[in-house]
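coords-v8.cif, holding mmCIF, C-alpha atoms:
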```cif
data_model
#
loop_
_atom_site.label_atom_id
_atom_site.label_comp_id
_atom_site.auth_asym_id
_atom_site.auth_seq_id
_atom_site.Cartn_x
_atom_site.Cartn_y
_atom_site.Cartn_z
CA MET A 1 29.98 6.09 28.62
CA GLU A 2 26.70 4.74 27.27
CA SER A 3 23.43 5.92 28.78
CA PRO A 4 21.53 3.28 30.74
CA GLY A 5 18.62 3.49 28.29
CA PRO A 6 14.91 3.69 29.15
CA GLN A 7 13.77 2.34 32.48
CA TYR A 8 10.44 0.54 32.76
CA GLY A 9 8.47 -0.55 35.75
CA PHE A 10 6.86 -3.79 34.57
CA ASP A 11 3.93 -4.58 36.84
CA ASP A 12 1.97 -6.73 34.41
CA ALA A 13 1.99 -8.31 30.94
CA ALA A 14 0.40 -5.23 29.37
CA SER A 15 3.25 -3.06 30.59
CA VAL A 16 5.79 -5.52 29.19
CA LYS A 17 4.08 -5.38 25.82
CA ILE A 18 4.07 -1.57 25.81
CA GLY A 19 7.77 -1.55 26.63
CA LEU A 20 8.58 -4.02 23.85
CA GLU A 21 6.59 -2.03 21.32
CA GLU A 22 8.39 1.18 22.29
CA GLU A 23 11.76 -0.51 21.78
CA ILE A 24 10.72 -1.94 18.39
CA ARG A 25 9.48 1.47 17.26
CA SER A 26 12.72 3.04 18.45
CA LEU A 27 14.75 0.52 16.45
CA ILE A 28 12.71 1.21 13.30
CA SER A 29 13.15 4.96 13.76
CA GLU A 30 16.92 4.68 14.24
CA VAL A 31 17.39 2.48 11.16
CA GLN A 32 15.36 4.96 9.11
CA GLU A 33 17.40 7.86 10.47
CA PHE A 34 20.82 6.35 9.71
CA ASN A 35 20.04 5.14 6.20
CA ARG A 36 19.25 6.88 2.94
CA SER A 37 15.62 7.70 2.25
CA THR A 38 16.01 6.74 -1.42
CA ILE A 39 17.29 3.75 -3.37
CA GLU A 40 20.59 4.55 -5.07
CA ARG A 41 21.11 4.20 -8.82
CA ILE A 42 24.63 3.39 -10.00
CA GLU A 43 26.51 2.42 -13.15
CA LEU A 44 27.89 -1.10 -13.54
CA PRO A 45 29.83 -1.85 -10.34
CA THR A 46 32.91 -3.93 -9.70
CA ALA A 47 32.43 -6.91 -7.41
CA LEU A 48 33.88 -4.86 -4.53
CA GLU A 49 31.58 -1.92 -5.17
CA PHE A 50 28.58 -4.23 -5.33
CA HIS A 51 29.61 -6.02 -2.14
CA ARG A 52 29.35 -2.75 -0.25
CA PHE A 53 25.59 -2.80 -0.83
CA VAL A 54 25.42 -6.46 0.18
CA ALA A 55 27.29 -5.66 3.39
CA LYS A 56 24.92 -2.76 4.15
CA ASN A 57 21.90 -4.93 3.26
CA ARG A 58 20.56 -2.15 1.01
CA PRO A 59 18.92 -2.43 -2.42
CA VAL A 60 20.45 -0.67 -5.41
CA ILE A 61 19.44 -0.14 -9.04
CA ILE A 62 22.22 -0.80 -11.54
CA SER A 63 22.12 0.75 -15.01
CA LEU A 64 23.50 -1.33 -17.87
CA PRO A 65 25.34 0.42 -20.73
CA ALA A 66 22.98 2.64 -22.71
CA SER A 67 23.33 0.47 -25.81
CA ALA A 68 22.41 -2.78 -23.99
CA THR A 69 18.79 -2.85 -25.11
CA THR A 70 19.40 -1.81 -28.74
CA ILE A 71 22.78 -3.16 -29.78
CA HIS A 72 21.27 -6.16 -31.58
CA GLU A 73 18.96 -4.00 -33.69
CA PRO A 74 20.09 -3.53 -37.32
CA SER A 75 22.01 -0.27 -37.86
CA SER A 76 24.47 0.99 -40.45
CA THR A 77 25.58 4.00 -38.43
CA ARG A 78 26.27 2.51 -35.00
CA ALA A 79 29.91 2.44 -33.90
CA ARG A 80 31.52 -0.89 -33.14
CA PRO A 81 30.42 -1.81 -29.58
CA SER A 82 33.00 -2.13 -26.84
CA SER A 83 33.61 -5.47 -25.13
CA GLN A 84 31.67 -4.26 -22.09
CA GLU A 85 28.72 -3.22 -24.26
CA GLN A 86 28.73 -6.63 -25.94
CA GLN A 87 28.82 -8.42 -22.57
CA TRP A 88 25.70 -6.66 -21.30
CA ALA A 89 23.76 -6.48 -24.57
CA TRP A 90 21.60 -9.52 -24.01
CA PRO A 91 19.84 -10.80 -27.15
CA ALA A 92 16.61 -11.05 -25.13
CA PHE A 93 16.18 -7.27 -25.17
CA THR A 94 15.51 -7.23 -28.92
CA LYS A 95 14.59 -10.86 -29.66
CA TRP A 96 11.84 -11.52 -27.12
CA THR A 97 8.86 -10.29 -29.10
CA ASN A 98 5.61 -12.23 -28.97
CA ASP A 99 6.30 -13.42 -32.50
CA TYR A 100 9.75 -14.75 -31.61
CA LEU A 101 8.51 -16.41 -28.43
CA SER A 102 5.60 -17.98 -30.29
CA LYS A 103 7.90 -19.44 -32.93
CA THR A 104 10.41 -20.63 -30.34
CA LEU A 105 8.04 -21.91 -27.65
CA GLY A 106 4.65 -22.19 -29.37
CA ASP A 107 4.02 -25.93 -28.88
CA LYS A 108 6.08 -26.22 -25.70
CA GLU A 109 4.07 -27.19 -22.63
CA ILE A 110 4.62 -24.76 -19.76
CA THR A 111 3.21 -24.10 -16.30
CA VAL A 112 0.91 -21.10 -15.95
CA ALA A 113 -0.51 -19.59 -12.74
CA CYS A 114 -4.20 -18.77 -13.21
CA THR A 115 -6.39 -16.63 -10.95
CA PRO A 116 -9.63 -14.68 -11.33
CA ASN A 117 -8.01 -11.36 -10.40
CA GLY A 118 -4.25 -11.45 -10.96
CA TRP A 119 -3.37 -11.84 -7.28
CA ALA A 120 -1.60 -15.18 -6.89
CA ASP A 121 -0.19 -16.10 -3.48
CA ALA A 122 -2.22 -13.40 -1.78
CA VAL A 123 -4.73 -12.97 1.05
CA VAL A 124 -8.42 -13.09 0.10
CA ASP A 125 -11.29 -11.87 2.30
CA ASP A 126 -8.84 -11.43 5.19
CA THR A 127 -9.22 -15.17 5.79
CA TYR A 128 -7.55 -17.23 3.08
CA PHE A 129 -4.06 -17.38 1.64
CA ALA A 130 -4.97 -18.03 -1.99
CA MET A 131 -2.55 -19.92 -4.21
CA PRO A 132 -3.06 -19.95 -8.00
CA CYS A 133 -4.49 -22.72 -10.09
CA GLU A 134 -1.43 -24.08 -11.90
CA LYS A 135 -2.24 -25.28 -15.40
CA LYS A 136 -0.20 -27.02 -18.04
CA MET A 137 -0.70 -25.52 -21.49
CA THR A 138 1.31 -24.69 -24.57
CA PHE A 139 2.93 -21.28 -24.81
CA ALA A 140 0.66 -20.53 -27.78
CA LYS A 141 -2.38 -21.28 -25.62
CA PHE A 142 -1.00 -19.03 -22.89
CA LEU A 143 -0.77 -16.13 -25.33
CA GLU A 144 -4.38 -16.64 -26.41
CA GLY A 145 -5.46 -15.56 -22.94
CA MET A 146 -3.44 -12.34 -22.98
CA PRO A 147 -4.77 -9.02 -24.33
CA THR A 148 -3.04 -8.21 -27.63
CA ARG A 149 -1.78 -4.69 -28.32
CA MET A 150 -0.79 -3.18 -31.65
CA HIS A 151 0.88 0.17 -32.36
CA ARG A 152 -1.51 3.00 -33.08
CA GLY A 153 -2.72 2.97 -36.67
CA ASN A 154 -1.46 -0.53 -37.40
CA MET A 155 -4.88 -2.09 -37.27
CA VAL A 156 -8.48 -1.21 -37.91
CA GLY A 157 -11.59 -3.14 -37.15
CA GLN A 158 -14.18 -3.91 -34.51
CA GLY A 159 -13.60 -4.89 -30.94
CA LEU A 160 -10.61 -2.59 -30.40
CA SER A 161 -9.95 -0.04 -27.68
CA GLU A 162 -6.96 2.15 -26.81
CA ASP A 163 -4.69 2.16 -23.78
CA SER A 164 -3.28 5.30 -22.14
CA GLU A 165 -0.48 5.50 -24.72
CA GLY A 166 -2.79 5.21 -27.71
CA ASN A 167 -1.98 1.59 -28.52
CA LYS A 168 -4.75 -0.52 -29.98
CA ILE A 169 -5.96 -3.32 -27.74
CA ARG A 170 -7.82 -6.38 -28.95
CA GLU A 171 -9.53 -7.76 -25.90
CA ASN A 172 -8.93 -11.43 -26.61
CA ALA A 173 -8.40 -12.28 -22.95
CA ASP A 174 -10.57 -14.96 -21.40
CA PRO A 175 -14.16 -13.66 -21.09
CA TYR A 176 -14.45 -15.46 -17.77
CA GLN A 177 -11.77 -13.21 -16.25
CA GLU A 178 -8.96 -15.72 -16.08
CA VAL A 179 -5.67 -13.90 -15.51
CA ARG A 180 -2.60 -15.84 -16.61
CA TYR A 181 0.91 -15.29 -15.31
CA ILE A 182 4.13 -17.22 -15.88
CA GLN A 183 5.68 -17.20 -12.42
CA LEU A 184 6.90 -20.75 -11.77
CA GLN A 185 10.14 -20.37 -9.83
CA ASN A 186 12.98 -22.64 -8.68
CA GLY A 187 14.86 -22.26 -11.96
CA ASN A 188 12.09 -22.42 -14.57
CA LEU A 189 14.35 -20.87 -17.23
CA MET A 190 16.46 -24.03 -17.11
CA THR A 191 13.54 -26.47 -16.97
CA GLU A 192 10.70 -25.08 -19.08
CA TYR A 193 12.44 -22.44 -21.20
CA GLN A 194 15.76 -24.00 -22.19
CA GLU A 195 15.28 -22.61 -25.70
CA LEU A 196 15.80 -19.10 -24.27
CA LEU A 197 18.92 -19.82 -22.23
CA HIS A 198 21.32 -18.32 -24.78
CA ASP A 199 19.41 -15.01 -24.81
CA VAL A 200 20.34 -14.04 -21.23
CA PRO A 201 23.47 -14.71 -19.14
CA ALA A 202 23.71 -17.71 -16.83
CA ASP A 203 24.81 -15.42 -14.00
CA ILE A 204 25.60 -11.81 -13.17
CA PRO A 205 29.42 -11.72 -12.98
CA PHE A 206 29.89 -8.97 -10.37
CA ALA A 207 27.27 -10.60 -8.12
CA SER A 208 28.71 -14.11 -8.48
CA GLU A 209 32.19 -12.81 -7.59
CA ALA A 210 30.98 -10.71 -4.67
CA LEU A 211 28.81 -13.45 -3.22
CA GLY A 212 31.31 -16.22 -3.96
CA LYS A 213 28.79 -18.49 -5.67
CA ALA A 214 26.77 -19.09 -8.81
CA PRO A 215 23.01 -18.49 -8.88
CA ASP A 216 20.88 -21.21 -7.33
CA ALA A 217 18.06 -20.49 -9.81
CA VAL A 218 17.26 -18.32 -12.83
CA ASN A 219 13.56 -17.54 -13.37
CA PHE A 220 11.47 -16.31 -16.32
CA TRP A 221 8.40 -14.10 -15.73
CA TYR A 222 5.73 -13.11 -18.25
CA GLY A 223 2.51 -11.25 -17.47
CA ASP A 224 0.65 -7.99 -17.96
CA GLU A 225 -0.77 -5.18 -15.85
CA ARG A 226 -3.46 -7.42 -14.38
CA SER A 227 -0.98 -9.43 -12.31
CA THR A 228 0.46 -8.21 -9.00
CA THR A 229 2.85 -10.01 -6.69
CA SER A 230 1.71 -9.41 -3.12
CA LEU A 231 3.99 -8.20 -0.33
CA HIS A 232 6.37 -10.95 0.80
CA LYS A 233 10.05 -11.78 1.38
CA ASP A 234 12.47 -14.39 0.01
CA HIS A 235 15.56 -15.97 1.52
CA TYR A 236 17.60 -15.25 -1.60
CA GLU A 237 19.91 -12.49 -2.76
CA ASN A 238 17.98 -11.37 -5.82
CA ILE A 239 19.22 -9.74 -9.02
CA TYR A 240 16.13 -8.74 -11.02
CA GLY A 241 16.15 -7.53 -14.63
CA VAL A 242 13.24 -6.33 -16.77
CA ILE A 243 13.38 -7.36 -20.44
CA ALA A 244 10.14 -5.76 -21.68
CA GLY A 245 7.60 -3.45 -20.05
CA ARG A 246 8.11 -1.92 -16.62
CA LYS A 247 8.00 -3.19 -13.03
CA THR A 248 7.23 -1.11 -9.95
CA PHE A 249 8.66 -2.43 -6.70
CA THR A 250 7.51 -1.40 -3.23
CA LEU A 251 10.41 -2.27 -0.90
CA ILE A 252 10.35 -2.51 2.89
CA PRO A 253 13.39 -3.48 5.02
CA PRO A 254 13.25 -6.46 7.41
CA THR A 255 13.47 -4.14 10.43
CA GLU A 256 9.97 -2.84 9.63
CA GLN A 257 8.27 -6.24 9.90
CA TYR A 258 6.38 -4.89 12.91
CA CYS A 259 4.54 -2.47 10.60
CA LEU A 260 3.11 -5.16 8.32
CA HIS A 261 0.58 -6.99 10.53
CA GLU A 262 1.72 -10.40 9.30
CA LYS A 263 -0.38 -13.31 10.57
CA ASN A 264 -1.67 -16.78 9.72
CA TYR A 265 -4.32 -17.44 7.07
CA ILE A 266 -6.06 -20.59 5.90
CA ALA A 267 -4.18 -21.97 2.89
CA ALA A 268 -6.44 -22.48 -0.14
CA THR A 269 -6.05 -23.00 -3.88
CA TYR A 270 -8.03 -21.59 -6.79
CA VAL A 271 -9.84 -24.28 -8.74
CA ASP A 272 -11.18 -23.79 -12.27
CA THR A 273 -14.73 -25.12 -12.23
CA GLN A 274 -14.75 -25.26 -16.03
CA ASP A 275 -11.57 -27.31 -16.38
CA SER A 276 -12.60 -30.87 -17.20
CA SER A 277 -9.05 -32.00 -18.02
CA LYS A 278 -8.14 -32.63 -14.40
CA PRO A 279 -9.55 -35.30 -12.09
CA ALA A 280 -11.46 -34.07 -9.09
CA GLN A 281 -9.21 -33.26 -6.14
CA PRO A 282 -10.09 -34.04 -2.52
CA THR A 283 -11.40 -30.90 -0.91
CA SER A 284 -12.98 -29.77 2.31
CA SER A 285 -16.70 -30.05 2.78
CA ALA A 286 -17.22 -26.39 2.01
CA SER A 287 -15.64 -24.56 -0.93
CA ILE A 288 -15.52 -20.81 -0.88
CA SER A 289 -16.98 -19.26 -4.00
CA THR A 290 -15.31 -16.13 -5.29
CA LEU A 291 -17.17 -13.19 -6.74
CA LEU A 292 -16.22 -14.33 -10.22
CA PRO A 293 -18.01 -17.34 -11.71
CA ARG A 294 -15.14 -19.38 -13.09
CA TYR A 295 -12.96 -19.90 -10.02
CA LYS A 296 -13.57 -21.03 -6.48
CA LEU A 297 -11.23 -21.32 -3.53
CA GLU A 298 -10.79 -24.71 -1.92
CA PRO A 299 -8.99 -24.96 1.43
CA MET A 300 -6.19 -27.47 1.67
CA GLU A 301 -6.76 -30.73 3.48
CA PRO A 302 -5.73 -31.28 6.15
CA LEU A 303 -6.36 -27.70 7.25
CA THR A 304 -3.14 -25.71 6.88
CA HIS A 305 -2.22 -22.16 7.83
CA THR A 306 0.28 -19.92 6.04
CA LYS A 307 1.84 -16.82 7.53
CA TRP A 308 1.42 -13.92 5.10
CA ILE A 309 0.81 -10.18 4.77
CA ALA A 310 -2.62 -8.94 3.74
CA LEU A 311 -1.95 -5.22 3.40
CA ASN A 312 -1.40 -3.64 -0.01
CA PRO A 313 1.04 -0.72 0.44
CA SER A 314 -0.26 0.82 -2.81
CA HIS A 315 -3.82 0.95 -1.50
CA GLU A 316 -5.59 4.28 -1.77
CA PRO A 317 -6.90 6.17 0.10
CA ARG A 318 -4.16 5.77 2.66
CA GLU A 319 -6.55 6.57 5.50
CA GLU A 320 -8.39 3.31 4.85
CA LEU A 321 -5.12 1.39 4.90
CA LEU A 322 -4.04 2.89 8.23
CA GLU A 323 -7.45 2.34 9.80
CA LYS A 324 -7.10 -1.40 9.20
CA TYR A 325 -3.32 -1.63 9.72
CA PRO A 326 -2.41 1.16 12.19
CA ARG A 327 1.23 0.09 12.69
CA PHE A 328 1.90 0.78 9.00
CA ASN A 329 1.89 4.50 9.82
CA ILE A 330 5.57 4.36 10.86
CA CYS A 331 6.62 2.33 7.82
CA GLN A 332 8.67 4.12 5.16
CA PRO A 333 8.39 2.04 1.98
CA PHE A 334 10.62 2.67 -1.01
CA LYS A 335 8.96 2.69 -4.42
CA VAL A 336 11.16 2.21 -7.48
CA GLU A 337 10.53 1.68 -11.18
CA LEU A 338 12.59 -0.81 -13.12
CA ASN A 339 12.89 -0.56 -16.90
CA PRO A 340 14.69 -2.60 -19.55
CA GLY A 341 18.42 -2.04 -19.19
CA GLU A 342 18.29 -1.84 -15.38
CA LEU A 343 18.95 -4.41 -12.66
CA LEU A 344 17.60 -4.32 -9.12
CA TYR A 345 19.62 -5.85 -6.32
CA LEU A 346 17.03 -6.94 -3.76
CA PRO A 347 18.70 -8.19 -0.57
CA ALA A 348 17.45 -11.38 1.06
CA MET A 349 14.53 -10.94 3.47
CA TRP A 350 13.52 -7.50 2.18
CA TYR A 351 9.75 -7.31 1.77
CA HIS A 352 8.59 -6.45 -1.73
CA GLN A 353 5.40 -6.04 -3.72
CA VAL A 354 5.63 -5.99 -7.52
CA GLU A 355 3.28 -4.34 -10.00
CA GLN A 356 3.84 -4.18 -13.73
CA GLU A 357 3.06 -2.30 -16.91
CA PRO A 358 3.18 -3.94 -20.34
CA ASP A 359 4.95 -2.74 -23.45
CA HIS A 360 3.21 -1.99 -26.77
CA GLU A 361 2.66 -5.74 -27.32
CA GLY A 362 0.89 -6.15 -24.00
CA LYS A 363 3.70 -8.05 -22.31
CA CYS A 364 5.91 -7.52 -19.30
CA ILE A 365 8.86 -9.92 -19.18
CA ALA A 366 11.57 -10.23 -16.57
CA VAL A 367 14.37 -12.57 -15.57
CA ASN A 368 15.84 -12.86 -12.10
CA TRP A 369 18.88 -14.58 -10.65
CA TRP A 370 18.49 -16.05 -7.16
CA TYR A 371 21.63 -16.51 -5.08
CA ASP A 372 21.36 -18.47 -1.84
CA MET A 373 21.61 -16.11 1.12
CA GLY A 374 24.37 -16.70 3.63
CA PHE A 375 23.17 -17.74 7.09
CA GLU A 376 26.50 -17.01 8.72
CA GLY A 377 26.88 -13.85 10.77
CA ASP A 378 23.92 -12.43 12.68
CA ARG A 379 21.61 -11.14 9.92
CA PHE A 380 19.30 -14.16 9.78
CA ALA A 381 19.32 -14.73 13.55
CA THR A 382 18.49 -11.06 14.13
CA ALA A 383 15.59 -11.26 11.67
CA VAL A 384 14.21 -14.32 13.47
CA PHE A 385 14.58 -12.55 16.82
CA MET A 386 12.68 -9.54 15.49
CA SER A 387 9.96 -11.85 14.13
CA ASN A 388 9.58 -13.47 17.55
CA LEU A 389 9.32 -10.07 19.24
CA VAL A 390 6.69 -8.91 16.76
CA GLN A 391 4.72 -12.10 17.39
CA LEU A 392 4.81 -11.45 21.14
CA VAL A 393 3.46 -7.91 20.88
CA GLY A 394 0.89 -8.85 18.24
CA GLN A 395 -0.77 -11.75 20.00
CA ASP A 396 -3.97 -9.77 20.38
CA GLU A 397 -4.49 -9.86 16.61
CA SER A 398 -7.10 -12.46 15.76
CA SER A 399 -6.17 -15.41 13.60
CA PRO A 400 -8.60 -17.39 11.48
#
```
Starting from the file, give its structure as structure tokens.
Amino acid sequence: MESPGPQYGFDDAASVKIGLEEEIRSLISEVQEFNRSTIERIELPTALEFHRFVAKNRPVIISLPASATTIHEPSSTRARPSSQEQQWAWPAFTKWTNDYLSKTLGDKEITVACTPNGWADAVVDDTYFAMPCEKKMTFAKFLEGMPTRMHRGNMVGQGLSEDSEGNKIRENADPYQEVRYIQLQNGNLMTEYQELLHDVPADIPFASEALGKAPDAVNFWYGDERSTTSLHKDHYENIYGVIAGRKTFTLIPPTEQYCLHEKNYIAATYVDTQDSSKPAQPTSSASISTLLPRYKLEPMEPLTHTKWIALNPSHEPREELLEKYPRFNICQPFKVELNPGELLYLPAMWYHQVEQEPDHEGKCIAVNWWYDMGFEGDRFATAVFMSNLVQLVGQDESSP
């Protein structure tokens, strides 16, 4: 026989709110208690094995065969690869150098997200949801704005420094602090980077079989350590693979939405004040200047609000973070590193922040496969219900 549960005497709205918050905290605690405190790492799964993680709504890191990232490199001693090794040995792992990409895409016009600080789609000054300035430029022009790294000892001359691994860095990035990031989504690999399609698979077979569908979009990402993707969620089942460099994911389950202090911010877009190639856009009467000279934020017209998360779970010291966002103290984020030869399954609606480290060439490249989430069952409805509860108990938080 089940216990009757906690009993509350609700005499006023404040008591109702306290009761709701206690129940939300209890739910978060129980989910944390009954689930692993780490993200599992597994070898290549069958569709059935993978579906078990989908059913549990839990992320997992999948290791490709050890030879996947090197099989296309010349070798006279390597044994003949197995059929499985050949299937997962994507040409991108060895082909996608800056030289190859320049020769393949050099004059191709692409879309680049530009910001003064590397934080696109992020909260600024606790007031604005800042979207990047999207520019059209050739891939060669994009590379001109990226710091160039060379292996130690490969280059001598002036204007060079060293990174933490001893690689030479030529600081050829924009002197006005423009940070460039290829992050256009909705299938950009198939629209702007068709020349690279044969270097990665069109889908992930075990995921397509388990989910019963093909990917809705395949996306190409290229940036460096200056770019960070702020904490957010997507309504897609996500298979994410790093081709070059390293990505660090901070993952938070949907049940911990209460901890994140999500609220509405004024939607604004970065505008490059030095870009004379674009006609003037209608803006509000007052533009918000950033601390950096090249870019300013311009609110959208008509005035629009976007619900987003301002907190940075990587912020240090933690005491400062908790002082501003006290509910985060019960959050238990997962932090995982993803390297070439590994795939991350990121379930739909899981919150994630992404930081990156470049390889010796200064690049971090990734590809991800987005599968439409299923809205059947109760997962989506439960997430909406939780969101509504959190909104009720957080109505005292000020909005801009």
Smallest atom-to-atom distance to His235 of chain A: which of A:Asp372, A:Glu337, A:Glu85, A:Glu30, using all atoms listed in the file? A:Asp372
One decimal, in Å: what's the spacing between atom CA of Tyr258 of chain A and atom CA of Leu343 of chain A? 28.5 Å
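Atom CA of His232 of chain A sits 15.0 Å away from atom CA of Phe328 of chain A.
Counting all atoms listed in the file, the residue from A:Phe220, A:Gln177, A:His51, A:Ile24 that sits nearest to Tyr295 of chain A is A:Gln177.
A straight line drawn from atom CA of Val16 of chain A to atom CA of Asn264 of chain A is 23.7 Å long.
Proximity of A:Gln332, A:Glu134, A:Leu197, A:Thr127 to Ala92 of chain A, computed with all atoms listed in the file, is greatest for A:Leu197.
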Output check: residues returned by the PyMOL selection byres ((chain A and resi 109) around 9), as a ChimeraX atom specification: /A:105-108,110-111,136-139,192
Residues selected by the PyMOL selection byres ((chain A and resi 266) around 12), written as a PyMOL selection string: chain A and resi 121-131+263-265+267-269+288+297-308+399-400
Write out as an MDAnalysis selection string the residues lying within 10 Å of Ser230 of chain A, counting all atoms listed in the file and excluding same-chain residues fewer than 3 positions away. chainID A and resid 119:123 227 233 250 308:313 351:355
Selection under test: the PyMOL selection byres ((chain A and resi 47) around 8); residues as a count of residues only: 11
Shortest contact to Glu342 of chain A, candidates A:His198, A:Arg41, A:Lys296, A:Lys363, atoms counted all atoms listed in the file, goes to A:Arg41
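Nearest to Ala89 of chain A of all the residues A:Asp272, A:Asp216, A:Glu361, A:Asp199 is A:Asp199, counting all atoms listed in the file.
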Given only C-alpha atoms as the basis, pick out the residue of A:Glu316, A:Glu237, A:Glu323, A:Glu262 nearest to Trp350 of chain A. A:Glu237
Quick one: residues within 7 Å of Gln356 of chain A, all atoms listed in the file counted, chain neighbours fewer than 4 positions away excluded, as a VMD selection string? chain A and resid 224 to 225 246 to 248 364
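The protein and nucleic acid residues lying at most 6 Å from Gly245 of chain A are Glu357, Pro358, Asp359 and Cys364 of chain A, with all atoms listed in the file considered and sequence neighbours fewer than 6 positions away removed.
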